[in-house]
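A.B. asks: For reference, the structure I am asking about is given below.
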Amino acid sequence: MRFEAVFLACYALLLVAAAGGLHRLGKMNTSPWRSRVLAGHRRQVPGPPPTDGTDWPHSEAGRLNTLVALVTALSAVTLAIVGLARNHRPIEIAVLGVVAFAAAAAALGLARAFTGGSRARS
């Protein structure tokens, strides 16, 4: 197996892992009331401020992270497909094919998460 195929496979897997991390980061609570910046203010006020939960930009942070993760996963798919076009040994085709399949599955899951979130809010 040539170095180029190994490098492309490893780099595409790294991109898929980064996409998963970005998507998970987008699921974290981004409430400004829970931030450390307002810790002193929270001690003075007995309860959280009245909000309807859709205060921008905090309501869209998860979708933005999912979109960036989707672009990252699509980059991994593109990288693996280009690697398949350049490398024609059977072992290289097998490894890059598995990596392309994993990246495509991750991209599909992220696309569903991104579009599913927009339908639920509408």
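Simple scheme: letters A, B, ... for chains in structure tokens order, numbers from 1 for residues in each chain, numbers from 1 for ligands in the order shown.
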Would you pick out the contacts of Leu110 in chain A at 8 Å or less, using only C-alpha atoms, so that residues sharing its chain but fewer than 2 positions from it are not included, and give the list as a PyMOL selection string?

C.D. replies: chain A and resi 23+66-67+69-70+106-108+112-114

A.B. asks: Can you tell me which residues surround Cys10 in chain A at a distance of at most 12 Å, considering only C-alpha atoms, apart from same-chain residues fewer than 6 positions away, and format the answer as a list in words?

C.D. replies: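 Selected residues are Phe3, Glu4, Val16, Ala17, Ala76, Leu79, Ala80, Gly83, Val95, Leu96, Val98, Val99, Ala100 and Ala103 of chain A.
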
A.B. asks: Using only C-alpha atoms, which protein or nucleic acid residues come within 8 Å of Arg2 in chain A? Drop anything in the same chain fewer than 3 positions from it, and give the result as a PyMOL selection string.

C.D. replies: chain A and resi 5-6+92

A.B. asks: Could those selected residues go to a file with N, CA, C and O atoms, as a CSV table (one decimal), in the first residue's frame?

C.D. replies:
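Produced file again_14.csv, reproduced below:
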```csv
chain,number,residue,atom,x,y,z
A,5,ALA,N,-2.2,6.6,-0.2
A,5,ALA,CA,-3.5,6.0,0.2
A,5,ALA,C,-3.6,5.9,1.7
A,5,ALA,O,-4.7,6.2,2.2
A,6,VAL,N,-2.6,5.6,2.4
A,6,VAL,CA,-2.6,5.5,3.9
A,6,VAL,C,-2.9,6.9,4.4
A,6,VAL,O,-3.7,7.1,5.3
A,92,GLU,N,-5.8,-0.9,-1.5
A,92,GLU,CA,-6.1,0.5,-1.4
A,92,GLU,C,-7.5,0.8,-1.7
A,92,GLU,O,-8.2,1.6,-1.0
```

A.B. asks: Would you please work out which residue, of A:Glu60, A:Lys27, A:Ala19, A:Asn87, is nearest to Phe7 in chain A when using only C-alpha atoms?

C.D. replies: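 Nearest candidate to Phe7 in chain A out of A:Glu60, A:Lys27, A:Ala19, A:Asn87: A:Asn87.
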
A.B. asks: Just give me the gap between CA of Ala61 in chain A and CA of Ser75 in chain A in Å, one decimal is fine.

C.D. replies: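 These two atoms are separated by 21.3 Å.
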
A.B. asks: For CA of Leu84 in chain A and CA of Asn65 in chain A, quote the distance in Å rounded to one decimal.

C.D. replies: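 About the pair CA of Leu84 in chain A and CA of Asn65 in chain A: they are 28.7 Å apart.
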
A.B. asks: I'd like the contact shell of Leu15 in chain A - 7 Å cut-off, only C-alpha atoms, skipping same-chain residues fewer than 3 positions apart - returned as a ChimeraX atom specification.

C.D. replies: /A:11-12,18-19,72-73,76

A.B. asks: Store the residues picked out above, limited to N, CA, C and O atoms, as a compact mmCIF listing (two decimals), in the first residue's frame.

C.D. replies:
```
# COMPACT_ATOMS: atom_id res chain seq x y z
N TYR A 11 -6.34 10.76 7.07
CA TYR A 11 -6.81 12.14 7.10
C TYR A 11 -8.33 12.21 6.99
O TYR A 11 -8.98 13.00 7.69
N ALA A 12 -8.92 11.36 6.17
CA ALA A 12 -10.38 11.33 6.05
C ALA A 12 -11.01 10.86 7.35
O ALA A 12 -12.05 11.40 7.78
N ALA A 18 -13.43 14.68 13.65
CA ALA A 18 -13.61 16.10 13.93
C ALA A 18 -15.06 16.51 13.71
O ALA A 18 -15.62 17.30 14.49
N ALA A 19 -15.70 15.97 12.69
CA ALA A 19 -17.11 16.28 12.43
C ALA A 19 -17.98 15.77 13.57
O ALA A 19 -18.91 16.46 14.01
N THR A 72 -17.39 19.34 7.00
CA THR A 72 -16.18 18.57 7.29
C THR A 72 -16.34 17.12 6.84
O THR A 72 -15.43 16.54 6.24
N ALA A 73 -17.49 16.52 7.11
CA ALA A 73 -17.73 15.13 6.71
C ALA A 73 -17.80 15.02 5.18
O ALA A 73 -17.30 14.04 4.61
N ALA A 76 -14.39 14.88 3.89
CA ALA A 76 -13.81 13.55 4.04
C ALA A 76 -14.29 12.61 2.94
O ALA A 76 -13.51 11.81 2.42
```

A.B. asks: Which value, in Å to one decimal, gives the distance between CA of Val77 in chain A and CA of Ala94 in chain A?

C.D. replies: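 According to the coordinates, CA of Val77 in chain A and CA of Ala94 in chain A are separated by 14.7 Å.
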